[in-house]
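Visitor: This is the content of input_6.pdb (PDB, C-alpha atoms):
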```pdb
ATOM      1  CA  MET A   1     -16.424 -42.556-154.785
ATOM      2  CA  LYS A   2     -14.663 -41.716-151.529
ATOM      3  CA  THR A   3     -11.063 -42.546-150.679
ATOM      4  CA  ARG A   4      -9.828 -43.244-147.193
ATOM      5  CA  LEU A   5      -6.857 -44.783-145.452
ATOM      6  CA  LEU A   6      -7.009 -48.461-144.599
ATOM      7  CA  PHE A   7      -6.210 -48.751-140.890
ATOM      8  CA  THR A   8      -4.194 -51.493-139.228
ATOM      9  CA  PRO A   9      -7.079 -53.549-137.718
ATOM     10  CA  GLU A  10      -8.804 -53.574-141.112
ATOM     11  CA  LEU A  11      -5.542 -54.573-142.758
ATOM     12  CA  GLU A  12      -5.189 -57.430-140.307
ATOM     13  CA  ASN A  13      -8.640 -58.701-141.205
ATOM     14  CA  LEU A  14      -7.799 -58.357-144.856
ATOM     15  CA  VAL A  15      -4.399 -60.052-144.696
ATOM     16  CA  LYS A  16      -5.318 -62.810-142.256
ATOM     17  CA  LYS A  17      -8.934 -63.540-143.252
ATOM     18  CA  LEU A  18      -9.466 -61.729-146.547
ATOM     19  CA  GLU A  19     -12.261 -59.817-144.827
ATOM     20  CA  ARG A  20     -12.978 -56.431-146.270
ATOM     21  CA  GLY A  21     -15.306 -53.860-144.701
ATOM     22  CA  SER A  22     -18.785 -53.295-146.084
ATOM     23  CA  GLU A  23     -18.228 -49.822-147.587
ATOM     24  CA  LYS A  24     -18.750 -50.600-151.238
ATOM     25  CA  ASP A  25     -18.439 -47.011-152.445
ATOM     26  CA  THR A  26     -15.067 -46.362-150.833
ATOM     27  CA  LEU A  27     -11.591 -46.790-152.241
ATOM     28  CA  LEU A  28      -9.281 -48.080-149.515
ATOM     29  CA  LEU A  29      -5.741 -46.773-149.718
ATOM     30  CA  CYS A  30      -2.629 -48.078-147.986
ATOM     31  CA  THR A  31       1.103 -48.099-148.568
ATOM     32  CA  ILE A  32       3.382 -50.961-149.486
ATOM     33  CA  MET A  33       4.934 -50.536-146.011
ATOM     34  CA  GLU A  34       1.912 -52.062-144.278
ATOM     35  CA  PHE A  35       2.204 -55.180-146.418
ATOM     36  CA  LEU A  36       5.964 -55.339-145.909
ATOM     37  CA  GLU A  37       5.256 -55.388-142.180
ATOM     38  CA  PHE A  38       2.870 -58.320-142.578
ATOM     39  CA  ALA A  39       5.308 -60.026-144.944
ATOM     40  CA  ASP A  40       8.006 -59.601-142.323
ATOM     41  CA  MET A  41       5.763 -61.192-139.692
ATOM     42  CA  ALA A  42       5.068 -64.087-142.052
ATOM     43  CA  ARG A  43       8.758 -64.404-142.957
ATOM     44  CA  ASN A  44       9.487 -64.706-139.247
ATOM     45  CA  ALA A  45       6.785 -67.402-138.917
ATOM     46  CA  ASP A  46       4.563 -65.348-136.652
ATOM     47  CA  ASN A  47       2.121 -67.583-134.800
ATOM     48  CA  GLU A  48      -0.893 -66.011-136.448
ATOM     49  CA  LEU A  49       0.494 -65.762-139.953
ATOM     50  CA  ASN A  50       2.676 -68.197-141.855
ATOM     51  CA  TRP A  51       4.212 -67.418-145.226
ATOM     52  CA  ASN A  52       1.968 -69.676-147.321
ATOM     53  CA  ASP A  53      -1.215 -68.174-145.882
ATOM     54  CA  PHE A  54       0.148 -64.669-146.319
ATOM     55  CA  GLU A  55       1.227 -65.279-149.919
ATOM     56  CA  ARG A  56      -2.142 -66.759-150.870
ATOM     57  CA  ASN A  57      -4.072 -63.863-149.347
ATOM     58  CA  TRP A  58      -1.628 -61.297-150.725
ATOM     59  CA  GLN A  59      -2.229 -62.558-154.249
ATOM     60  CA  ALA A  60      -5.971 -62.168-153.678
ATOM     61  CA  ILE A  61      -5.622 -58.663-152.208
ATOM     62  CA  ARG A  62      -3.569 -57.527-155.230
ATOM     63  CA  LYS A  63      -6.580 -58.286-157.389
ATOM     64  CA  MET A  64      -9.067 -56.288-155.287
ATOM     65  CA  ALA A  65     -10.135 -53.265-157.270
ATOM     66  CA  SER A  66     -11.229 -51.396-154.159
ATOM     67  CA  VAL A  67      -7.853 -51.615-152.422
ATOM     68  CA  VAL A  68      -5.098 -49.339-153.692
ATOM     69  CA  ILE A  69      -1.543 -50.126-152.600
ATOM     70  CA  VAL A  70       0.889 -47.274-153.182
ATOM     71  CA  SER A  71       4.553 -48.168-153.708
ATOM     72  CA  LEU A  72       7.746 -46.268-153.021
ATOM     73  CA  ASP A  73       9.631 -45.635-156.244
ATOM     74  CA  GLN A  74      12.112 -43.241-157.782
ATOM     75  CA  GLU A  75       9.408 -40.818-158.866
ATOM     76  CA  CYS A  76       7.919 -40.759-155.380
ATOM     77  CA  LEU A  77      11.344 -39.961-153.918
ATOM     78  CA  GLN A  78      11.747 -37.101-156.372
ATOM     79  CA  HIS A  79       8.488 -35.543-155.174
ATOM     80  CA  SER A  80       8.727 -36.287-151.469
ATOM     81  CA  LEU A  81      12.344 -36.166-150.347
ATOM     82  CA  PHE A  82      12.992 -32.458-150.566
ATOM     83  CA  GLU A  83      11.984 -29.010-149.443
ATOM     84  CA  ILE A  84      11.302 -26.956-152.567
ATOM     85  CA  SER A  85      11.448 -23.152-152.743
ATOM     86  CA  ASP A  86       8.880 -20.945-154.454
ATOM     87  CA  GLU A  87      11.344 -20.787-157.354
ATOM     88  CA  ASN A  88      11.087 -24.586-157.604
ATOM     89  CA  GLN A  89      14.622 -25.118-156.310
ATOM     90  CA  VAL A  90      15.627 -27.910-153.925
ATOM     91  CA  THR A  91      16.681 -26.136-150.744
ATOM     92  CA  ASP A  92      17.071 -29.038-148.332
ATOM     93  CA  LEU A  93      15.824 -32.473-147.338
ATOM     94  CA  TRP A  94      12.222 -32.620-146.135
ATOM     95  CA  LYS A  95      12.276 -32.024-142.364
ATOM     96  CA  LYS A  96      10.029 -34.992-141.540
ATOM     97  CA  LEU A  97      12.281 -37.783-142.794
ATOM     98  CA  GLY A  98      14.231 -38.842-139.740
ATOM     99  CA  GLY A  99      14.977 -38.265-136.115
ATOM    100  CA  GLN A 100      15.523 -40.972-133.569
ATOM    101  CA  GLU A 101      11.857 -41.176-132.624
ATOM    102  CA  ILE A 102      10.756 -41.870-136.202
ATOM    103  CA  SER A 103      11.032 -45.473-137.392
ATOM    104  CA  PRO A 104      12.151 -46.346-140.945
ATOM    105  CA  ASN A 105       8.611 -47.714-141.428
ATOM    106  CA  GLN A 106       7.149 -44.309-140.680
ATOM    107  CA  THR A 107       9.634 -42.524-142.939
ATOM    108  CA  VAL A 108       8.574 -44.805-145.794
ATOM    109  CA  ARG A 109       4.876 -44.133-145.104
ATOM    110  CA  ARG A 110       5.496 -40.390-145.019
ATOM    111  CA  LEU A 111       7.414 -40.415-148.287
ATOM    112  CA  ILE A 112       4.698 -42.381-150.040
ATOM    113  CA  LEU A 113       1.732 -40.374-148.759
ATOM    114  CA  ARG A 114       3.176 -36.855-148.682
ATOM    115  CA  PRO A 115       0.729 -34.857-150.800
ATOM    116  CA  SER A 116       2.110 -33.143-153.878
ATOM    117  CA  GLU A 117       0.999 -32.055-157.319
ATOM    118  CA  GLN A 118       1.681 -35.624-158.437
ATOM    119  CA  THR A 119      -0.514 -37.374-155.866
ATOM    120  CA  TRP A 120      -4.233 -37.890-156.411
ATOM    121  CA  TRP A 121      -5.183 -38.046-152.716
ATOM    122  CA  ASP A 122      -5.459 -35.021-150.508
ATOM    123  CA  ASN A 123      -3.873 -34.000-147.253
ATOM    124  CA  ASP A 124      -6.540 -35.814-145.206
ATOM    125  CA  ILE A 125      -5.037 -39.176-146.134
ATOM    126  CA  TYR A 126      -1.584 -38.072-145.020
ATOM    127  CA  GLU A 127      -2.943 -36.603-141.780
ATOM    128  CA  ALA A 128      -4.933 -39.760-141.049
ATOM    129  CA  MET A 129      -1.770 -41.826-141.438
ATOM    130  CA  GLU A 130       0.173 -39.543-139.084
ATOM    131  CA  GLN A 131      -2.610 -39.617-136.490
ATOM    132  CA  TRP A 132      -2.884 -43.381-136.632
ATOM    133  CA  HIS A 133       0.795 -44.243-136.498
ATOM    134  CA  ILE A 134       2.254 -41.376-134.496
ATOM    135  CA  GLY A 135      -0.721 -39.750-132.843
ATOM    136  CA  THR A 136       0.314 -36.235-133.869
TER     137      THR A 136
ATOM    138  CA  MET B 137      29.255 -60.524-164.620
ATOM    139  CA  ALA B 138      25.934 -59.546-163.123
ATOM    140  CA  ASP B 139      23.962 -56.521-162.001
ATOM    141  CA  LEU B 140      25.456 -55.051-158.847
ATOM    142  CA  VAL B 141      22.903 -54.203-156.157
ATOM    143  CA  LEU B 142      24.396 -51.671-153.754
ATOM    144  CA  ASP B 143      23.195 -51.348-150.176
ATOM    145  CA  THR B 144      23.212 -48.069-148.263
ATOM    146  CA  GLY B 145      26.887 -47.543-147.517
ATOM    147  CA  ALA B 146      28.036 -48.566-150.984
ATOM    148  CA  LEU B 147      25.451 -46.307-152.644
ATOM    149  CA  ALA B 148      26.493 -43.331-150.525
ATOM    150  CA  ASP B 149      30.149 -43.880-151.433
ATOM    151  CA  LEU B 150      29.303 -44.217-155.129
ATOM    152  CA  LEU B 151      27.239 -41.008-155.081
ATOM    153  CA  ALA B 152      29.941 -39.104-153.212
ATOM    154  CA  GLN B 153      32.457 -40.028-155.906
ATOM    155  CA  TYR B 154      30.021 -39.505-158.779
ATOM    156  CA  PHE B 155      29.296 -35.899-157.810
ATOM    157  CA  ASN B 156      33.019 -35.149-157.793
ATOM    158  CA  LEU B 157      33.919 -36.823-161.087
ATOM    159  CA  GLU B 158      35.783 -34.636-163.543
ATOM    160  CA  ASP B 159      34.321 -36.467-166.523
ATOM    161  CA  ARG B 160      30.975 -38.176-165.937
ATOM    162  CA  SER B 161      30.961 -39.557-169.448
ATOM    163  CA  ASN B 162      34.030 -41.617-168.622
ATOM    164  CA  PRO B 163      33.815 -42.261-164.893
ATOM    165  CA  LYS B 164      36.402 -44.081-162.858
ATOM    166  CA  PHE B 165      35.514 -44.997-159.312
ATOM    167  CA  LEU B 166      38.117 -45.633-156.629
ATOM    168  CA  PRO B 167      38.119 -47.895-153.572
ATOM    169  CA  SER B 168      36.691 -46.254-150.458
ATOM    170  CA  THR B 169      35.214 -47.194-147.089
ATOM    171  CA  PHE B 170      32.245 -49.099-148.545
ATOM    172  CA  LEU B 171      33.705 -49.947-151.957
ATOM    173  CA  THR B 172      36.430 -52.586-151.908
ATOM    174  CA  VAL B 173      39.001 -52.972-154.672
ATOM    175  CA  GLU B 174      37.026 -55.884-156.129
ATOM    176  CA  VAL B 175      33.692 -54.054-155.987
ATOM    177  CA  THR B 176      35.253 -50.962-157.556
ATOM    178  CA  ARG B 177      36.682 -53.070-160.363
ATOM    179  CA  LEU B 178      33.231 -54.499-161.102
ATOM    180  CA  ILE B 179      31.570 -51.069-160.954
ATOM    181  CA  ASN B 180      34.120 -49.604-163.348
ATOM    182  CA  HIS B 181      33.615 -52.518-165.710
ATOM    183  CA  ILE B 182      29.870 -51.890-165.783
ATOM    184  CA  VAL B 183      30.048 -48.118-166.202
ATOM    185  CA  ARG B 184      32.912 -48.079-168.716
ATOM    186  CA  ILE B 185      32.596 -51.295-170.707
ATOM    187  CA  SER B 186      29.483 -53.384-170.146
ATOM    188  CA  ASN B 187      26.224 -52.681-171.908
ATOM    189  CA  SER B 188      24.624 -55.786-170.459
ATOM    190  CA  TYR B 189      24.613 -55.068-166.733
ATOM    191  CA  ILE B 190      23.791 -52.133-164.524
ATOM    192  CA  ILE B 191      24.256 -50.886-160.999
ATOM    193  CA  VAL B 192      21.109 -50.963-158.905
ATOM    194  CA  SER B 193      19.963 -49.796-155.506
ATOM    195  CA  SER B 194      16.650 -50.207-153.800
ATOM    196  CA  VAL B 195      14.906 -46.925-153.052
ATOM    197  CA  MET B 196      15.231 -48.128-149.449
ATOM    198  CA  ALA B 197      18.959 -47.350-149.646
ATOM    199  CA  VAL B 198      18.066 -43.727-150.359
ATOM    200  CA  VAL B 199      15.618 -43.716-147.448
ATOM    201  CA  GLU B 200      18.361 -44.977-145.145
ATOM    202  CA  ILE B 201      20.807 -42.364-146.429
ATOM    203  CA  VAL B 202      18.442 -39.450-145.851
ATOM    204  CA  ARG B 203      17.421 -40.734-142.422
ATOM    205  CA  LYS B 204      21.063 -40.621-141.296
ATOM    206  CA  TRP B 205      22.212 -37.891-143.640
ATOM    207  CA  ASP B 206      24.852 -36.281-141.416
ATOM    208  CA  GLU B 207      26.315 -39.602-140.339
ATOM    209  CA  ILE B 208      26.366 -41.296-143.741
ATOM    210  CA  VAL B 209      26.864 -38.424-146.171
ATOM    211  CA  ALA B 210      29.084 -36.386-143.857
ATOM    212  CA  GLY B 211      29.162 -33.358-146.134
ATOM    213  CA  ARG B 212      30.288 -35.311-149.191
ATOM    214  CA  PHE B 213      27.300 -34.198-151.299
ATOM    215  CA  TYR B 214      24.219 -32.026-151.056
ATOM    216  CA  ALA B 215      20.481 -32.545-151.184
ATOM    217  CA  TYR B 216      20.195 -30.795-154.558
ATOM    218  CA  GLN B 217      22.768 -33.198-156.015
ATOM    219  CA  LEU B 218      20.760 -36.191-154.814
ATOM    220  CA  ALA B 219      17.655 -34.583-156.328
ATOM    221  CA  ALA B 220      19.446 -34.210-159.658
ATOM    222  CA  PHE B 221      20.592 -37.837-159.567
ATOM    223  CA  LEU B 222      17.052 -39.043-158.831
ATOM    224  CA  GLU B 223      15.721 -36.898-161.648
ATOM    225  CA  SER B 224      18.228 -38.144-164.165
ATOM    226  CA  PRO B 225      20.478 -41.021-163.144
ATOM    227  CA  PRO B 226      23.182 -42.160-165.571
ATOM    228  CA  GLU B 227      22.212 -44.934-167.990
ATOM    229  CA  TRP B 228      24.243 -47.478-166.049
ATOM    230  CA  PHE B 229      22.264 -46.955-162.837
ATOM    231  CA  SER B 230      18.727 -47.835-161.774
ATOM    232  CA  PHE B 231      16.637 -47.464-158.625
ATOM    233  CA  ASP B 232      14.437 -50.484-157.919
ATOM    234  CA  PRO B 233      11.112 -49.716-156.230
ATOM    235  CA  MET B 234       9.639 -51.112-153.042
ATOM    236  CA  ASP B 235       6.542 -52.442-154.709
ATOM    237  CA  GLU B 236       4.259 -55.462-154.888
ATOM    238  CA  ASP B 237       6.961 -57.612-156.489
ATOM    239  CA  VAL B 238       9.318 -57.013-153.558
ATOM    240  CA  ILE B 239       6.723 -58.438-151.172
ATOM    241  CA  LEU B 240       6.945 -61.886-152.762
ATOM    242  CA  LEU B 241      10.743 -61.740-153.027
ATOM    243  CA  PHE B 242      10.741 -60.928-149.315
ATOM    244  CA  GLY B 243       9.578 -64.482-148.705
ATOM    245  CA  GLN B 244      12.793 -65.782-150.229
ATOM    246  CA  VAL B 245      14.879 -63.963-147.618
ATOM    247  CA  PRO B 246      15.307 -66.099-144.499
ATOM    248  CA  SER B 247      14.455 -64.571-141.141
ATOM    249  CA  VAL B 248      17.686 -65.887-139.618
ATOM    250  CA  VAL B 249      21.053 -67.085-140.883
ATOM    251  CA  LEU B 250      23.818 -69.207-139.416
ATOM    252  CA  MET B 251      27.055 -67.254-138.964
ATOM    253  CA  PRO B 252      30.565 -68.751-139.359
ATOM    254  CA  ASP B 253      30.907 -68.855-135.545
ATOM    255  CA  ASN B 254      27.681 -70.936-135.404
ATOM    256  CA  SER B 255      25.673 -68.113-133.889
ATOM    257  CA  VAL B 256      22.231 -67.425-135.330
ATOM    258  CA  ARG B 257      21.490 -63.873-136.420
ATOM    259  CA  SER B 258      18.231 -62.385-137.566
ATOM    260  CA  ILE B 259      17.773 -60.280-140.682
ATOM    261  CA  GLU B 260      15.970 -56.979-140.153
ATOM    262  CA  TRP B 261      13.308 -55.973-142.662
ATOM    263  CA  THR B 262      15.304 -53.011-143.954
ATOM    264  CA  ASP B 263      18.222 -55.304-144.786
ATOM    265  CA  ALA B 264      15.874 -57.938-146.197
ATOM    266  CA  VAL B 265      14.689 -55.356-148.744
ATOM    267  CA  HIS B 266      18.218 -55.084-150.168
ATOM    268  CA  ALA B 267      18.494 -58.870-150.346
ATOM    269  CA  ALA B 268      15.064 -59.120-152.002
ATOM    270  CA  THR B 269      16.103 -56.485-154.533
ATOM    271  CA  ALA B 270      19.151 -58.557-155.469
ATOM    272  CA  LEU B 271      17.054 -61.727-155.660
ATOM    273  CA  GLY B 272      14.694 -59.915-158.010
ATOM    274  CA  ARG B 273      17.419 -59.518-160.608
ATOM    275  CA  ASP B 274      18.030 -62.373-163.031
ATOM    276  CA  LYS B 275      21.685 -62.109-162.168
ATOM    277  CA  GLY B 276      22.214 -59.896-159.186
ATOM    278  CA  ILE B 277      25.100 -59.579-156.756
ATOM    279  CA  LEU B 278      24.353 -57.775-153.506
ATOM    280  CA  VAL B 279      27.159 -55.456-152.434
ATOM    281  CA  THR B 280      26.787 -55.024-148.699
ATOM    282  CA  ALA B 281      28.735 -54.208-145.567
ATOM    283  CA  ASP B 282      26.380 -56.434-143.587
ATOM    284  CA  ARG B 283      28.083 -59.714-142.708
ATOM    285  CA  ILE B 284      24.698 -61.225-141.855
ATOM    286  CA  LEU B 285      23.346 -60.767-145.388
ATOM    287  CA  ILE B 286      26.488 -62.374-146.801
ATOM    288  CA  GLN B 287      25.415 -65.615-145.119
ATOM    289  CA  ILE B 288      22.138 -65.974-147.057
ATOM    290  CA  PRO B 289      22.779 -69.266-148.874
ATOM    291  CA  HIS B 290      21.093 -68.630-152.234
ATOM    292  CA  LEU B 291      22.107 -64.975-152.565
ATOM    293  CA  GLN B 292      25.171 -63.934-154.532
ATOM    294  CA  SER B 293      26.930 -61.260-152.527
ATOM    295  CA  LEU B 294      30.140 -59.358-152.007
ATOM    296  CA  LEU B 295      31.325 -57.637-148.865
ATOM    297  CA  SER B 296      31.702 -53.928-149.481
ATOM    298  CA  ARG B 297      33.909 -53.393-146.465
ATOM    299  CA  ARG B 298      36.916 -55.294-145.195
TER     300      ARG B 298
END
```
Render the structure in this file as structure tokens.

Guide:
Amino acid sequence: MKTRLLFTPELENLVKKLERGSEKDTLLLCTIMEFLEFADMARNADNELNWNDFERNWQAIRKMASVVIVSLDQECLQHSLFEISDENQVTDLWKKLGGQEISPNQTVRRLILRPSEQTWWDNDIYEAMEQWHIGT
Amino acid sequence: MADLVLDTGALADLLAQYFNLEDRSNPKFLPSTFLTVEVTRLINHIVRISNSYIIVSSVMAVVEIVRKWDEIVAGRFYAYQLAAFLESPPEWFSFDPMDEDVILLFGQVPSVVLMPDNSVRSIEWTDAVHAATALGRDKGILVTADRILIQIPHLQSLLSRR
């Protein structure tokens, strides 16, 4: 089974219409940040998405075995926040956390998807996220 | 009493004091920029006396601290100290995740609130996460410097800054 990042247009179809692509042999991965963004739109009564519709579809998406939603938790912070030396010492904060041009949304996505020995996806997922959201 | 949910400024102040405590087994926190006398009293009660309540922050508070490290931390502690705290926080402290449960709690946070001067102010998503974290606790009091969050009607809260 393949794993790939779920991109924003696909997420929109999923969240607004519960439409999932036809790749049956692919695990679709996304971060909790994408759903927070949709939840924020719904909370603000966006014209295309009200809270009741969002909540109903969100409950259905949570049950989809082919969609993996990765959260940000304490363990993730431990693995993603820091630069680590070859001697396994924390030397500094990870360089890609901030800067004025980087939104909090993107920092959260980076922290969740940064590959490490603890993550089960490879660097391609992280790079796909960077390309999609930042274009770098 | 209740669990205290610290937002970014209050968490940074707590960490800055924690890393300089002489005796971490018997900590005593003092009022500071983002910890009022009342908030400090409640924190000290939890860490020294209460076994029923804890101090909580959303992981989003940590994200906000590291994004503005120089401005918020201002040399008061180091990255390796934060790493150690994340690895092994004291028993009276917990980090709440940004996970699937927070999404539903998000819906309980209004998009706008009415301020005392009758102006209407919107609540940004980053701030809404702190409010949702507090709402996710059976008994949770949000400690925040944000006067907008204080106006959420069904949220127990305390201002962390005068």

Visitor: Identify which of the residues A:Asn50, A:Thr3, A:Thr26, A:Thr8 lies closest to chain B, counting all atoms listed in the file when measuring atom-to-atom distances.

Guide: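 Counting all atoms listed in the file, the residue closest to chain B is A:Asn50.
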
Visitor: Within 6 Å of chain A, which residues of chain B are there when counting all atoms listed in the file? Please give them as an MDAnalysis selection string.

Guide: chainID B and resid 203 215:216 233:235 243 247

Visitor: What does the distance from atom CA of Phe213 of chain B to atom CA of Ile191 of chain B come to in Å, to one decimal?

Guide: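 Atom CA of Ile191 of chain B lies 19.5 Å from atom CA of Phe213 of chain B.
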
Visitor: Could you tell me, as a list in words, exactly which residues end up selected when the PyMOL selection byres ((chain B and resi 295) around 8) is applied to this structure?

Guide: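 Checked against the file, the PyMOL selection byres ((chain B and resi 295) around 8) matches Thr172, Val279, Thr280, Ala281, Asp282, Arg283, Ile286, Ser293, Leu294, Ser296, Arg297 and Arg298 of chain B.
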
Visitor: Taking all atoms listed in the file into account, name the residue in A:Met1, A:Ile61, A:Val68, A:Met129 that is nearest to Asp25 of chain A.

Guide: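 Distance minimum relative to Asp25 of chain A lands on A:Met1.
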